[in-house]
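Asker: Quick one: the structure is below, questions incoming.
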Amino acid sequence: MVSSDQRRRQLAREKFERQQQRREEARRRTRRLTAIIASSVAVVAVIGVGAYLSLDGDDDAKDVADAAASPSASPSPTPSSEPEPAMKIDKRATYTMSLKTSQGDIAVEMDAAKTPHTTNSFKSLADKGFFDGTKCHRLTTEGIFVLQCGDPQGDGAGGPGYTIPDENLTALGKAGDGGAVTYPAGSVAMANTGQPNSGGSQFFLVYKDTELPPTYTPFGTMDDAGLKAVKKIAEAGAEGGAPDGAPKKAVEVEKVTVDKS
């Protein structure tokens, strides 16, 4: 018989996955609409002086928006708009990702041998200053205990413009009857859309043992000081007292570096 606590964790996991999928659908709609607008602009440029705007153009724009808002029939992840960074790291080495944040420093030890694509991507992005000035946009405090960061847009829908493959998914053992494994406190893993190989730049920091499906690449472990800092952020809760939302204690990522240990 499933206990109330197990049921609560299961519902929290399902909510987490639904939110990831909704964010991916929003990302798809934005990219499709951008492509439609870009194509329209190109056509106008070719037509040149002979082009004119119809008085009922607002209706046309609404039709475009409605089409872009249609749910995608494809279960596959959003196609990358640019390629994954070329592999430049030493796969035999360990790397440390250092996050300087407004709520304290967090050091994450990464294992390049087990997660080479993830490690290489983070180093490439960090070297470009991709994460600098971003915010950790999501804190969950019920059922799932994570702080999510890495979105340049700050709304859960942003990314680097490419995706990376899932890695190291068997590291946390075999899933139990509920289809979940335990991501221990201190773990750092990739967020994704709920579809395979759909990770980008978003990641989450686990501050308390959390049960999730083994579909999120675990790529690092926080140091003690970093875990302590994240726990303090979690203690303050999310905005409005909600169990899932922006952290009440705002977390700005001031600088991220990835260096060989």
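How things are named: the first chain in the structure tokens is A, the next is B, and so on; residues count from 1 in each chain; ligands count from 1 in the order shown.
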Excluding Thr163 in chain A and its own-chain neighbours fewer than 4 positions away, which residues fall within 7 Å of it when counting only C-alpha atoms? Please give them as a VMD selection string.

Answerer: chain A and resid 80 84 197 to 200

Asker: Store the residues of this selection in a file with C-alpha atoms, as a tab-separated table (two decimals), in the first residue's frame.

Answerer:
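In the end it all went to selection22.tsv:
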```
chain	number	residue	atom	x	y	z
A	80	SER	CA	19.10	22.57	-31.96
A	84	GLU	CA	27.02	21.36	-29.54
A	197	ASN	CA	18.81	14.27	-24.85
A	198	SER	CA	17.12	17.65	-24.36
A	199	GLY	CA	19.45	19.23	-21.80
A	200	GLY	CA	20.84	22.69	-22.51
```

Asker: What's the 10 Å shell around Lys88 in chain A, counting only C-alpha atoms, without same-chain residues fewer than 3 positions away, as a list in words?

Answerer: Pro85, Lys91, Pro116, His117, Thr119, Asn120, Ser121, Lys123 and Ser124 of chain A

Asker: Skipping near chain neighbours, those fewer than 3 positions away, what residues fall within 8 Å of Ala250 in chain A using only C-alpha atoms, listed as a PyMOL selection string?

Answerer: chain A and resi 102+135-136+246-247

Asker: Restricting it to N, CA, C and O atoms, dump the selection as a compact mmCIF listing (two decimals), in the first residue's frame.

Answerer:
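Contents of result03.txt, as written:
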```
# COMPACT_ATOMS: atom_id res chain seq x y z
N SER A 102 25.23 35.70 -5.27
CA SER A 102 24.90 36.73 -4.29
C SER A 102 24.58 36.13 -2.93
O SER A 102 24.52 36.85 -1.93
N LYS A 135 20.07 34.52 -13.05
CA LYS A 135 19.50 34.25 -11.74
C LYS A 135 19.04 32.79 -11.64
O LYS A 135 18.67 32.19 -12.65
N CYS A 136 19.08 32.27 -10.44
CA CYS A 136 18.48 30.96 -10.20
C CYS A 136 16.98 31.21 -10.09
O CYS A 136 16.53 31.91 -9.16
N ALA A 246 10.02 31.23 -7.75
CA ALA A 246 11.28 31.95 -7.62
C ALA A 246 11.68 32.01 -6.15
O ALA A 246 10.81 32.20 -5.28
N PRO A 247 12.95 31.81 -5.84
CA PRO A 247 13.36 31.86 -4.43
C PRO A 247 13.13 33.25 -3.83
O PRO A 247 13.39 34.26 -4.47
```

Asker: Just to confirm, what's the straight-line distance from CA of Ala185 in chain A to CA of Lys248 in chain A in Å (one decimal)?

Answerer: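 Going from CA of Ala185 in chain A over to CA of Lys248 in chain A, I get 20.7 Å.
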
Asker: Which polymer residues have any atom within 9 Å of an atom of range 111-113 of chain A, counting only C-alpha atoms, with same-chain residues fewer than 5 positions away left out, as a PyMOL selection string?

Answerer: chain A and resi 89-96+118-120+219-220

Asker: Would you mind exporting the chosen residues as a PDB file, in the first residue's frame, restricted to C-alpha atoms?

Answerer:
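And here is the file that came out, result.pdb:
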```
ATOM      1  CA  ILE A  89      38.209  19.005 -22.370  1.00  0.00           C
ATOM      2  CA  ASP A  90      40.440  16.247 -21.054  1.00  0.00           C
ATOM      3  CA  LYS A  91      38.046  13.343 -20.537  1.00  0.00           C
ATOM      4  CA  ARG A  92      40.425  11.705 -18.066  1.00  0.00           C
ATOM      5  CA  ALA A  93      40.442  14.676 -15.721  1.00  0.00           C
ATOM      6  CA  THR A  94      38.116  16.094 -13.105  1.00  0.00           C
ATOM      7  CA  TYR A  95      36.904  19.670 -13.318  1.00  0.00           C
ATOM      8  CA  THR A  96      35.534  22.124 -10.789  1.00  0.00           C
ATOM      9  CA  THR A 118      28.024  17.925 -20.020  1.00  0.00           C
ATOM     10  CA  THR A 119      31.380  18.990 -18.628  1.00  0.00           C
ATOM     11  CA  ASN A 120      32.573  20.225 -22.013  1.00  0.00           C
ATOM     12  CA  PHE A 219      27.149  15.449 -13.377  1.00  0.00           C
ATOM     13  CA  GLY A 220      28.549  16.843 -10.152  1.00  0.00           C
TER      14      GLY A 220
END
```

Asker: Of the candidates A:Asp151, A:Asp166, A:Glu142, A:Asp177, which shows the shortest atom-to-atom distance to Tyr216 in chain A, using only C-alpha atoms?

Answerer: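 With only C-alpha atoms as the atom set, the closest residue is A:Asp166.
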
Asker: Among range 95-209 of chain A, which ones does DSSP place in alpha helix (DSSP H), written as JSON, numbers by chain?

Answerer: {"A": [116, 117, 118, 119, 120, 121, 122, 123, 124, 125, 126, 127]}

Asker: Got time to write the residues from that selection, all heavy atoms, as a tab-separated table (two decimals), in the first residue's frame?

Answerer:
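Once everything was written out, this is result.tsv:
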```
chain	number	residue	atom	x	y	z
A	116	PRO	N	31.34	13.61	-20.15
A	116	PRO	CA	32.20	14.47	-20.98
A	116	PRO	C	31.44	15.55	-21.74
A	116	PRO	O	31.90	16.70	-21.82
A	116	PRO	CB	32.86	13.48	-21.95
A	116	PRO	CG	31.95	12.29	-21.96
A	116	PRO	CD	31.40	12.20	-20.58
A	117	HIS	N	30.28	15.22	-22.30
A	117	HIS	CA	29.53	16.23	-23.06
A	117	HIS	C	29.02	17.33	-22.14
A	117	HIS	O	29.08	18.52	-22.49
A	117	HIS	CB	28.36	15.57	-23.80
A	117	HIS	CG	28.76	14.67	-24.92
A	117	HIS	ND1	28.99	15.13	-26.20
A	117	HIS	CD2	29.02	13.34	-24.94
A	117	HIS	CE1	29.35	14.12	-26.97
A	117	HIS	NE2	29.38	13.02	-26.24
A	118	THR	N	28.54	16.93	-20.97
A	118	THR	CA	28.02	17.92	-20.02
A	118	THR	C	29.14	18.83	-19.52
A	118	THR	O	29.00	20.05	-19.48
A	118	THR	CB	27.34	17.21	-18.84
A	118	THR	OG1	26.38	16.28	-19.34
A	118	THR	CG2	26.65	18.20	-17.93
A	119	THR	N	30.25	18.22	-19.13
A	119	THR	CA	31.38	18.99	-18.63
A	119	THR	C	31.92	19.93	-19.70
A	119	THR	O	32.19	21.11	-19.44
A	119	THR	CB	32.50	18.04	-18.15
A	119	THR	OG1	31.98	17.15	-17.16
A	119	THR	CG2	33.66	18.82	-17.57
A	120	ASN	N	32.05	19.41	-20.92
A	120	ASN	CA	32.57	20.23	-22.01
A	120	ASN	C	31.65	21.40	-22.31
A	120	ASN	O	32.09	22.53	-22.54
A	120	ASN	CB	32.73	19.36	-23.26
A	120	ASN	CG	33.37	20.10	-24.42
A	120	ASN	OD1	34.56	20.43	-24.38
A	120	ASN	ND2	32.59	20.37	-25.45
A	121	SER	N	30.35	21.15	-22.29
A	121	SER	CA	29.38	22.22	-22.56
A	121	SER	C	29.45	23.30	-21.49
A	121	SER	O	29.47	24.50	-21.81
A	121	SER	CB	27.96	21.63	-22.61
A	121	SER	OG	27.00	22.65	-22.77
A	122	PHE	N	29.50	22.90	-20.22
A	122	PHE	CA	29.56	23.89	-19.15
A	122	PHE	C	30.85	24.71	-19.23
A	122	PHE	O	30.82	25.93	-19.01
A	122	PHE	CB	29.46	23.21	-17.78
A	122	PHE	CG	28.05	23.08	-17.30
A	122	PHE	CD1	27.36	21.89	-17.43
A	122	PHE	CD2	27.39	24.16	-16.72
A	122	PHE	CE1	26.05	21.76	-17.01
A	122	PHE	CE2	26.08	24.04	-16.29
A	122	PHE	CZ	25.40	22.85	-16.43
A	123	LYS	N	31.95	24.07	-19.57
A	123	LYS	CA	33.21	24.83	-19.68
A	123	LYS	C	33.13	25.82	-20.83
A	123	LYS	O	33.55	26.98	-20.70
A	123	LYS	CB	34.40	23.90	-19.85
A	123	LYS	CG	35.72	24.68	-20.02
A	123	LYS	CD	36.92	23.86	-19.71
A	123	LYS	CE	38.22	24.68	-19.91
A	123	LYS	NZ	38.23	25.92	-19.07
A	124	SER	N	32.59	25.37	-21.96
A	124	SER	CA	32.47	26.25	-23.12
A	124	SER	C	31.59	27.46	-22.79
A	124	SER	O	31.94	28.61	-23.11
A	124	SER	CB	31.86	25.46	-24.29
A	124	SER	OG	31.63	26.32	-25.40
A	125	LEU	N	30.45	27.21	-22.15
A	125	LEU	CA	29.55	28.31	-21.80
A	125	LEU	C	30.16	29.24	-20.76
A	125	LEU	O	30.05	30.47	-20.86
A	125	LEU	CB	28.22	27.74	-21.29
A	125	LEU	CG	27.36	26.99	-22.31
A	125	LEU	CD1	26.17	26.34	-21.63
A	125	LEU	CD2	26.89	27.94	-23.42
A	126	ALA	N	30.80	28.65	-19.74
A	126	ALA	CA	31.40	29.46	-18.68
A	126	ALA	C	32.52	30.34	-19.25
A	126	ALA	O	32.65	31.52	-18.86
A	126	ALA	CB	31.94	28.57	-17.58
A	127	ASP	N	33.32	29.80	-20.16
A	127	ASP	CA	34.41	30.57	-20.75
A	127	ASP	C	33.89	31.78	-21.52
A	127	ASP	O	34.60	32.78	-21.68
A	127	ASP	CB	35.24	29.68	-21.68
A	127	ASP	CG	36.11	28.67	-20.92
A	127	ASP	OD1	36.20	28.79	-19.67
A	127	ASP	OD2	36.67	27.76	-21.56
```

Asker: Here is a test: counting only C-alpha atoms, which residue of A:Gly159, A:Gly240, A:Gly245, A:Gly226 is nearest to Val108 in chain A?

Answerer: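 Closest to Val108 in chain A, using only C-alpha atoms: A:Gly226.
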
Asker: Report, in Å with one decimal, the straight-line distance from CA of Leu11 in chain A to CA of Val230 in chain A.

Answerer: 23.6 Å

Asker: Among range 110-259 of chain A, which residues carry a DSSP assignment of strand (DSSP E), reported as JSON, numbers by chain?

Answerer: {"A": [110, 111, 134, 135, 138, 139, 140, 146, 147, 148, 149, 181, 182, 183, 187, 188, 189, 190, 203, 204, 205, 206, 210, 211, 212, 218, 219, 220, 221, 222, 244, 245, 252, 253, 254, 255, 256, 257, 258, 259]}

Asker: Could the residues in this selection be written to a file with C-alpha atoms, as a compact mmCIF listing (two decimals), in the first residue's frame?

Answerer:
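This is the output file again.txt:
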```txt
# COMPACT_ATOMS: atom_id res chain seq x y z
CA MET A 110 32.55 17.36 -12.16
CA ASP A 111 33.68 13.99 -13.52
CA THR A 134 21.82 35.23 -14.58
CA LYS A 135 19.50 34.25 -11.74
CA ARG A 138 13.21 28.21 -9.40
CA LEU A 139 13.11 26.75 -5.91
CA THR A 140 11.03 23.71 -4.92
CA VAL A 146 16.06 21.64 -5.69
CA LEU A 147 17.29 25.08 -6.72
CA GLN A 148 17.29 25.47 -10.50
CA CYS A 149 19.67 27.79 -12.34
CA VAL A 181 15.87 6.95 -7.80
CA THR A 182 17.26 9.12 -5.05
CA TYR A 183 19.30 12.15 -6.04
CA SER A 187 23.92 16.33 -6.19
CA VAL A 188 23.95 18.58 -9.25
CA ALA A 189 22.07 17.43 -12.34
CA MET A 190 20.86 18.66 -15.71
CA PHE A 203 20.74 22.59 -14.04
CA PHE A 204 19.51 21.97 -10.52
CA LEU A 205 21.20 21.81 -7.13
CA VAL A 206 19.75 19.22 -4.76
CA THR A 210 15.02 13.92 -3.69
CA GLU A 211 13.29 11.12 -5.60
CA LEU A 212 13.08 11.65 -9.36
CA PRO A 218 23.87 13.73 -12.59
CA PHE A 219 27.15 15.45 -13.38
CA GLY A 220 28.55 16.84 -10.15
CA THR A 221 28.58 17.20 -6.40
CA MET A 222 28.53 20.42 -4.38
CA ASP A 244 7.48 25.97 -6.18
CA GLY A 245 8.57 29.33 -7.56
CA GLU A 252 22.16 36.11 -8.78
CA VAL A 253 24.94 34.13 -10.41
CA GLU A 254 27.67 36.71 -10.65
CA LYS A 255 30.42 34.58 -12.20
CA VAL A 256 30.90 30.95 -13.26
CA THR A 257 34.22 29.33 -14.09
CA VAL A 258 35.09 25.73 -14.98
CA ASP A 259 38.70 24.68 -14.46
```
